[in-house]
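One file, query-v9.tsv, is given below (TSV, N, CA and C atoms).
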chain	number	residue	atom	x	y	z
A	42	MET	N	-42.83	50.52	-82.85
A	42	MET	CA	-42.59	50.83	-84.22
A	42	MET	C	-42.47	49.51	-84.99
A	43	GLU	N	-43.18	49.42	-86.09
A	43	GLU	CA	-43.19	48.20	-86.86
A	43	GLU	C	-42.35	48.38	-88.11
A	44	LEU	N	-41.49	47.42	-88.39
A	44	LEU	CA	-40.62	47.47	-89.55
A	44	LEU	C	-41.18	46.56	-90.62
A	45	THR	N	-41.43	47.10	-91.78
A	45	THR	CA	-41.93	46.29	-92.89
A	45	THR	C	-40.93	46.34	-94.03
A	46	VAL	N	-40.77	45.22	-94.66
A	46	VAL	CA	-39.87	45.11	-95.80
A	46	VAL	C	-40.74	44.98	-97.04
A	47	THR	N	-40.52	45.85	-97.99
A	47	THR	CA	-41.30	45.76	-99.22
A	47	THR	C	-40.47	45.02	-100.26
A	48	THR	N	-41.09	44.07	-100.88
A	48	THR	CA	-40.45	43.32	-101.96
A	48	THR	C	-41.40	43.29	-103.14
A	49	ASN	N	-40.84	42.93	-104.25
A	49	ASN	CA	-41.69	42.78	-105.43
A	49	ASN	C	-42.60	41.58	-105.22
A	50	PRO	N	-43.86	41.72	-105.59
A	50	PRO	CA	-44.73	40.55	-105.49
A	50	PRO	C	-44.23	39.45	-106.44
A	51	PRO	N	-44.57	38.21	-106.17
A	51	PRO	CA	-44.08	37.11	-107.00
A	51	PRO	C	-44.42	37.28	-108.49
A	52	ALA	N	-45.57	37.82	-108.78
A	52	ALA	CA	-45.95	38.00	-110.19
A	52	ALA	C	-45.03	39.00	-110.88
A	53	ARG	N	-44.65	40.05	-110.17
A	53	ARG	CA	-43.76	41.06	-110.74
A	53	ARG	C	-42.37	40.48	-110.97
A	54	ARG	N	-41.89	39.69	-110.00
A	54	ARG	CA	-40.57	39.06	-110.16
A	54	ARG	C	-40.58	38.09	-111.33
A	55	GLU	N	-41.68	37.37	-111.48
A	55	GLU	CA	-41.79	36.44	-112.60
A	55	GLU	C	-41.78	37.19	-113.92
A	56	ALA	N	-42.47	38.32	-113.99
A	56	ALA	CA	-42.50	39.13	-115.20
A	56	ALA	C	-41.11	39.70	-115.49
A	57	ASP	N	-40.39	40.11	-114.44
A	57	ASP	CA	-39.03	40.61	-114.63
A	57	ASP	C	-38.12	39.51	-115.17
A	58	SER	N	-38.29	38.30	-114.66
A	58	SER	CA	-37.50	37.17	-115.15
A	58	SER	C	-37.82	36.87	-116.60
A	59	MET	N	-39.08	36.98	-116.97
A	59	MET	CA	-39.47	36.77	-118.36
A	59	MET	C	-38.85	37.81	-119.27
A	60	ALA	N	-38.79	39.05	-118.81
A	60	ALA	CA	-38.19	40.12	-119.61
A	60	ALA	C	-36.71	39.84	-119.87
A	61	VAL	N	-36.00	39.44	-118.84
A	61	VAL	CA	-34.58	39.14	-118.98
A	61	VAL	C	-34.38	37.91	-119.87
A	62	ALA	N	-35.20	36.89	-119.67
A	62	ALA	CA	-35.08	35.68	-120.49
A	62	ALA	C	-35.37	35.98	-121.95
A	63	SER	N	-36.33	36.84	-122.22
A	63	SER	CA	-36.65	37.19	-123.60
A	63	SER	C	-35.48	37.92	-124.25
A	64	PHE	N	-34.82	38.81	-123.50
A	64	PHE	CA	-33.66	39.52	-124.03
A	64	PHE	C	-32.52	38.54	-124.34
A	65	VAL	N	-32.23	37.64	-123.41
A	65	VAL	CA	-31.13	36.70	-123.59
A	65	VAL	C	-31.43	35.74	-124.74
A	66	LEU	N	-32.65	35.21	-124.81
A	66	LEU	CA	-32.99	34.28	-125.88
A	66	LEU	C	-33.02	34.97	-127.23
A	67	GLY	N	-33.48	36.21	-127.27
A	67	GLY	CA	-33.47	36.96	-128.53
A	67	GLY	C	-32.06	37.22	-129.01
A	68	LEU	N	-31.17	37.55	-128.10
A	68	LEU	CA	-29.78	37.79	-128.45
A	68	LEU	C	-29.11	36.50	-128.91
A	69	LEU	N	-29.34	35.43	-128.20
A	69	LEU	CA	-28.78	34.13	-128.57
A	69	LEU	C	-29.36	33.64	-129.90
A	70	GLY	N	-30.62	33.96	-130.14
A	70	GLY	CA	-31.27	33.54	-131.37
A	70	GLY	C	-30.69	34.16	-132.62
A	71	LEU	N	-29.99	35.27	-132.49
A	71	LEU	CA	-29.34	35.86	-133.66
A	71	LEU	C	-28.22	34.96	-134.18
A	72	LEU	N	-27.69	34.10	-133.31
A	72	LEU	CA	-26.58	33.23	-133.70
A	72	LEU	C	-27.02	31.81	-134.02
A	73	VAL	N	-27.89	31.25	-133.20
A	73	VAL	CA	-28.30	29.85	-133.38
A	73	VAL	C	-29.79	29.69	-133.11
A	74	LEU	N	-30.38	28.71	-133.74
A	74	LEU	CA	-31.76	28.29	-133.49
A	74	LEU	C	-32.77	29.45	-133.55
A	75	ASN	N	-32.60	30.36	-134.49
A	75	ASN	CA	-33.49	31.52	-134.52
A	75	ASN	C	-34.92	31.15	-134.90
A	76	LEU	N	-35.13	30.03	-135.55
A	76	LEU	CA	-36.49	29.59	-135.86
A	76	LEU	C	-37.25	29.26	-134.57
A	77	PHE	N	-36.55	28.79	-133.56
A	77	PHE	CA	-37.17	28.44	-132.29
A	77	PHE	C	-37.07	29.58	-131.27
A	78	LEU	N	-35.88	30.17	-131.13
A	78	LEU	CA	-35.66	31.16	-130.08
A	78	LEU	C	-36.33	32.50	-130.37
A	79	GLY	N	-36.48	32.87	-131.64
A	79	GLY	CA	-37.13	34.13	-131.99
A	79	GLY	C	-38.57	34.19	-131.49
A	80	PRO	N	-39.41	33.22	-131.85
A	80	PRO	CA	-40.79	33.24	-131.35
A	80	PRO	C	-40.89	33.12	-129.83
A	81	VAL	N	-40.00	32.33	-129.22
A	81	VAL	CA	-40.02	32.21	-127.75
A	81	VAL	C	-39.71	33.56	-127.11
A	82	ALA	N	-38.73	34.29	-127.66
A	82	ALA	CA	-38.38	35.61	-127.14
A	82	ALA	C	-39.56	36.58	-127.29
A	83	ILE	N	-40.25	36.50	-128.41
A	83	ILE	CA	-41.40	37.38	-128.65
A	83	ILE	C	-42.52	37.10	-127.65
A	84	VAL	N	-42.81	35.83	-127.43
A	84	VAL	CA	-43.88	35.46	-126.49
A	84	VAL	C	-43.52	35.86	-125.06
A	85	LEU	N	-42.28	35.59	-124.65
A	85	LEU	CA	-41.87	35.96	-123.30
A	85	LEU	C	-41.91	37.47	-123.09
A	86	ALA	N	-41.47	38.22	-124.09
A	86	ALA	CA	-41.50	39.68	-123.97
A	86	ALA	C	-42.94	40.18	-123.88
A	87	GLY	N	-43.82	39.63	-124.69
A	87	GLY	CA	-45.22	40.03	-124.63
A	87	GLY	C	-45.85	39.73	-123.29
A	88	LEU	N	-45.58	38.55	-122.76
A	88	LEU	CA	-46.12	38.19	-121.44
A	88	LEU	C	-45.56	39.09	-120.34
A	89	ALA	N	-44.27	39.39	-120.43
A	89	ALA	CA	-43.66	40.25	-119.42
A	89	ALA	C	-44.28	41.64	-119.45
A	90	LEU	N	-44.51	42.17	-120.64
A	90	LEU	CA	-45.12	43.49	-120.76
A	90	LEU	C	-46.57	43.49	-120.27
A	91	LEU	N	-47.29	42.42	-120.58
A	91	LEU	CA	-48.69	42.33	-120.13
A	91	LEU	C	-48.79	42.20	-118.61
A	92	ARG	N	-47.81	41.54	-118.00
A	92	ARG	CA	-47.84	41.34	-116.55
A	92	ARG	C	-47.24	42.51	-115.78
A	93	GLY	N	-46.81	43.54	-116.48
A	93	GLY	CA	-46.34	44.74	-115.81
A	93	GLY	C	-44.93	44.64	-115.25
A	94	THR	N	-44.00	44.21	-116.06
A	94	THR	CA	-42.62	44.11	-115.60
A	94	THR	C	-42.04	45.49	-115.30
A	95	SER	N	-41.12	45.52	-114.37
A	95	SER	CA	-40.42	46.78	-114.10
A	95	SER	C	-39.21	46.93	-115.03
A	96	ARG	N	-38.92	45.91	-115.80
A	96	ARG	CA	-37.81	45.92	-116.76
A	96	ARG	C	-38.37	46.02	-118.17
A	97	LYS	N	-39.10	47.08	-118.41
A	97	LYS	CA	-39.74	47.25	-119.72
A	97	LYS	C	-38.73	47.38	-120.85
A	98	GLY	N	-37.60	48.00	-120.58
A	98	GLY	CA	-36.57	48.15	-121.60
A	98	GLY	C	-36.05	46.81	-122.09
A	99	ARG	N	-35.81	45.91	-121.15
A	99	ARG	CA	-35.32	44.58	-121.55
A	99	ARG	C	-36.40	43.80	-122.28
A	100	ALA	N	-37.64	43.96	-121.88
A	100	ALA	CA	-38.73	43.26	-122.57
A	100	ALA	C	-38.87	43.77	-124.00
A	101	VAL	N	-38.77	45.09	-124.18
A	101	VAL	CA	-38.88	45.66	-125.53
A	101	VAL	C	-37.69	45.24	-126.38
A	102	LEU	N	-36.49	45.22	-125.79
A	102	LEU	CA	-35.33	44.74	-126.52
A	102	LEU	C	-35.47	43.26	-126.89
A	103	GLY	N	-36.00	42.46	-125.98
A	103	GLY	CA	-36.25	41.05	-126.27
A	103	GLY	C	-37.24	40.89	-127.40
A	104	LEU	N	-38.27	41.73	-127.41
A	104	LEU	CA	-39.26	41.69	-128.48
A	104	LEU	C	-38.61	42.06	-129.81
A	105	GLY	N	-37.82	43.11	-129.81
A	105	GLY	CA	-37.14	43.52	-131.04
A	105	GLY	C	-36.14	42.49	-131.52
A	106	LEU	N	-35.39	41.89	-130.60
A	106	LEU	CA	-34.44	40.86	-130.99
A	106	LEU	C	-35.14	39.60	-131.50
A	107	GLY	N	-36.29	39.27	-130.92
A	107	GLY	CA	-37.05	38.12	-131.42
A	107	GLY	C	-37.52	38.34	-132.84
A	108	VAL	N	-37.99	39.54	-133.13
A	108	VAL	CA	-38.40	39.87	-134.50
A	108	VAL	C	-37.18	39.87	-135.42
A	109	ALA	N	-36.05	40.41	-134.94
A	109	ALA	CA	-34.82	40.42	-135.74
A	109	ALA	C	-34.36	38.99	-136.04
A	110	ASP	N	-34.55	38.07	-135.10
A	110	ASP	CA	-34.20	36.67	-135.34
A	110	ASP	C	-34.94	36.13	-136.56
A	111	LEU	N	-36.23	36.41	-136.60
A	111	LEU	CA	-37.04	35.91	-137.71
A	111	LEU	C	-36.70	36.61	-139.02
A	112	VAL	N	-36.35	37.89	-138.96
A	112	VAL	CA	-35.95	38.63	-140.17
A	112	VAL	C	-34.63	38.08	-140.71
A	113	VAL	N	-33.68	37.83	-139.82
A	113	VAL	CA	-32.39	37.26	-140.23
A	113	VAL	C	-32.62	35.88	-140.84
A	114	LEU	N	-33.45	35.07	-140.22
A	114	LEU	CA	-33.75	33.74	-140.76
A	114	LEU	C	-34.37	33.85	-142.15
A	115	ALA	N	-35.33	34.75	-142.33
A	115	ALA	CA	-35.97	34.91	-143.64
A	115	ALA	C	-34.97	35.37	-144.69
A	116	ALA	N	-34.08	36.29	-144.31
A	116	ALA	CA	-33.09	36.78	-145.27
A	116	ALA	C	-32.12	35.67	-145.67
A	117	LEU	N	-31.65	34.91	-144.69
A	117	LEU	CA	-30.70	33.84	-145.00
A	117	LEU	C	-31.37	32.70	-145.76
A	118	MET	N	-32.62	32.44	-145.45
A	118	MET	CA	-33.35	31.39	-146.19
A	118	MET	C	-33.56	31.81	-147.63
A	119	SER	N	-33.82	33.08	-147.88
A	119	SER	CA	-34.05	33.51	-149.25
A	119	SER	C	-32.76	33.52	-150.06
A	120	MET	N	-31.62	33.63	-149.39
A	120	MET	CA	-30.35	33.62	-150.12
A	120	MET	C	-29.98	32.23	-150.62
A	121	ASP	N	-30.26	31.19	-149.83
A	121	ASP	CA	-29.87	29.85	-150.28
A	121	ASP	C	-31.04	28.89	-150.46
A	122	ASN	N	-32.26	29.39	-150.35
A	122	ASN	CA	-33.48	28.61	-150.63
A	122	ASN	C	-33.59	27.34	-149.78
A	123	THR	N	-33.16	27.39	-148.53
A	123	THR	CA	-33.33	26.28	-147.62
A	123	THR	C	-33.87	26.79	-146.29
A	124	VAL	N	-34.35	25.87	-145.46
A	124	VAL	CA	-34.85	26.24	-144.14
A	124	VAL	C	-33.71	26.32	-143.16
A	125	SER	N	-32.62	25.65	-143.42
A	125	SER	CA	-31.47	25.67	-142.50
A	125	SER	C	-30.37	26.55	-143.07
A	126	TRP	N	-29.54	27.04	-142.17
A	126	TRP	CA	-28.40	27.86	-142.60
A	126	TRP	C	-27.29	27.69	-141.60
A	127	GLY	N	-26.11	28.04	-142.00
A	127	GLY	CA	-24.96	27.96	-141.12
A	127	GLY	C	-24.00	29.09	-141.41
A	128	LEU	N	-23.14	29.39	-140.46
A	128	LEU	CA	-22.18	30.47	-140.65
A	128	LEU	C	-21.08	30.08	-141.65
A	129	ALA	N	-20.84	28.78	-141.82
A	129	ALA	CA	-19.78	28.33	-142.73
A	129	ALA	C	-20.20	28.44	-144.19
A	130	GLY	N	-21.47	28.60	-144.44
A	130	GLY	CA	-21.93	28.75	-145.81
A	130	GLY	C	-22.58	27.52	-146.26
Representation of the structure as structure tokens:
Amino acid sequence: MELTVTTNPPARREADSMAVASFVLGLLGLLVLNLFLGPVAIVLAGLALLRGTSRKGRAVLGLGLGVADLVVLAALMSMDNTVSWGLAG
């Protein structure tokens, strides 16, 4: 009797890692560096979805949070007419 262990192929694990990273970066981007972290989260989520991640929910959340990062940045930029913003005002 032969015992085989099934694991995720390396490409699937990499896609799962991208999905999680996109979620974390998108969430972090709501607080700081959203000009940089928003697009990175969007790209990572797109790549994870294209590569067939098993964590589709996290990839979609990362995509949504990346877009939200850019929307928050646009809203705050339009309020004070600058490219930078801070929580202190």
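Minimum atom-to-atom distances from A:Glu55, A:Leu106, A:Asn122, A:Ala100 to Leu69 in chain A were compared using only N, CA and C atoms, and the lowest value belongs to A:Leu106.
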- request: Run DSSP on the backbone and grab whatever in chain A lands in helix (DSSP H, G or I); send it over as a VMD selection string.
  value: chain A and resid 51 to 70 75 to 91 97 to 121
Leaving out Val84 in chain A and any residue of its chain fewer than 4 positions from it, which residues lie within 8 Å of it when counting only N, CA and C atoms, given as a PDB file with N, CA and C atoms, in the coordinates of the input?
ATOM      1  N   MET A  59     -39.080  36.980-116.970  1.00  0.00           N
ATOM      2  CA  MET A  59     -39.470  36.770-118.360  1.00  0.00           C
ATOM      3  C   MET A  59     -38.850  37.810-119.270  1.00  0.00           C
ATOM      4  N   SER A  63     -36.330  36.840-122.220  1.00  0.00           N
ATOM      5  CA  SER A  63     -36.650  37.190-123.600  1.00  0.00           C
ATOM      6  C   SER A  63     -35.480  37.920-124.250  1.00  0.00           C
ATOM      7  N   LEU A  78     -35.880  30.170-131.130  1.00  0.00           N
ATOM      8  CA  LEU A  78     -35.660  31.160-130.080  1.00  0.00           C
ATOM      9  C   LEU A  78     -36.330  32.500-130.370  1.00  0.00           C
ATOM     10  N   GLY A  79     -36.480  32.870-131.640  1.00  0.00           N
ATOM     11  CA  GLY A  79     -37.130  34.130-131.990  1.00  0.00           C
ATOM     12  C   GLY A  79     -38.570  34.190-131.490  1.00  0.00           C
ATOM     13  N   PRO A  80     -39.410  33.220-131.850  1.00  0.00           N
ATOM     14  CA  PRO A  80     -40.790  33.240-131.350  1.00  0.00           C
ATOM     15  C   PRO A  80     -40.890  33.120-129.830  1.00  0.00           C
ATOM     16  N   LEU A  88     -45.580  38.550-122.760  1.00  0.00           N
ATOM     17  CA  LEU A  88     -46.120  38.190-121.440  1.00  0.00           C
ATOM     18  C   LEU A  88     -45.560  39.090-120.340  1.00  0.00           C
ATOM     19  N   ALA A  89     -44.270  39.390-120.430  1.00  0.00           N
ATOM     20  CA  ALA A  89     -43.660  40.250-119.420  1.00  0.00           C
ATOM     21  C   ALA A  89     -44.280  41.640-119.450  1.00  0.00           C
ATOM     22  N   LEU A  90     -44.510  42.170-120.640  1.00  0.00           N
ATOM     23  CA  LEU A  90     -45.120  43.490-120.760  1.00  0.00           C
ATOM     24  C   LEU A  90     -46.570  43.490-120.270  1.00  0.00           C
ATOM     25  N   GLY A 103     -36.000  42.460-125.980  1.00  0.00           N
ATOM     26  CA  GLY A 103     -36.250  41.050-126.270  1.00  0.00           C
ATOM     27  C   GLY A 103     -37.240  40.890-127.400  1.00  0.00           C
ATOM     28  N   LEU A 104     -38.270  41.730-127.410  1.00  0.00           N
ATOM     29  CA  LEU A 104     -39.260  41.690-128.480  1.00  0.00           C
ATOM     30  C   LEU A 104     -38.610  42.060-129.810  1.00  0.00           C
ATOM     31  N   GLY A 107     -36.290  39.270-130.920  1.00  0.00           N
ATOM     32  CA  GLY A 107     -37.050  38.120-131.420  1.00  0.00           C
ATOM     33  C   GLY A 107     -37.520  38.340-132.840  1.00  0.00           C
TER      34      GLY A 107
END
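Our summary of the geometry notes that atom N of Gly98 in chain A is positioned 29.1 Å from CA of Leu117 in chain A.
One distance worth recording is that between CA of Ala82 in chain A and CA of Arg99 in chain A, which is 11.0 Å.
CA of Ala115 in chain A to CA of Val73 in chain A spans 13.8 Å [interatomic distance, one decimal].
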message: At a cut-off of 6.5 Å, using all atoms listed in the file, what residues contact Arg53 in chain A? Leave out same-chain residues fewer than 5 positions from it and give the result as an MDAnalysis selection string.
response: chainID A and resid 58 92:95
message: Given all atoms listed in the file as the basis, pick out the residue of A:Ala62, A:Met120, A:Val108, A:Val113 nearest to Leu85 in chain A.
response: A:Ala62
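Closest approach to Leu111 in chain A among A:Ala56, A:Leu68, A:Ile83, A:Asn75: A:Asn75, based on all atoms listed in the file.
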- prompt: Which of these residues is nearest to Val101 in chain A, using only C-alpha atoms: A:Ala116, A:Ala86, A:Val61, A:Leu74?
  reply: A:Ala86
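With distances taken over all atoms listed in the file, A:Leu102 is the one residue among A:Ser119, A:Pro50, A:Leu91, A:Leu102 lying closest to Val65 in chain A.
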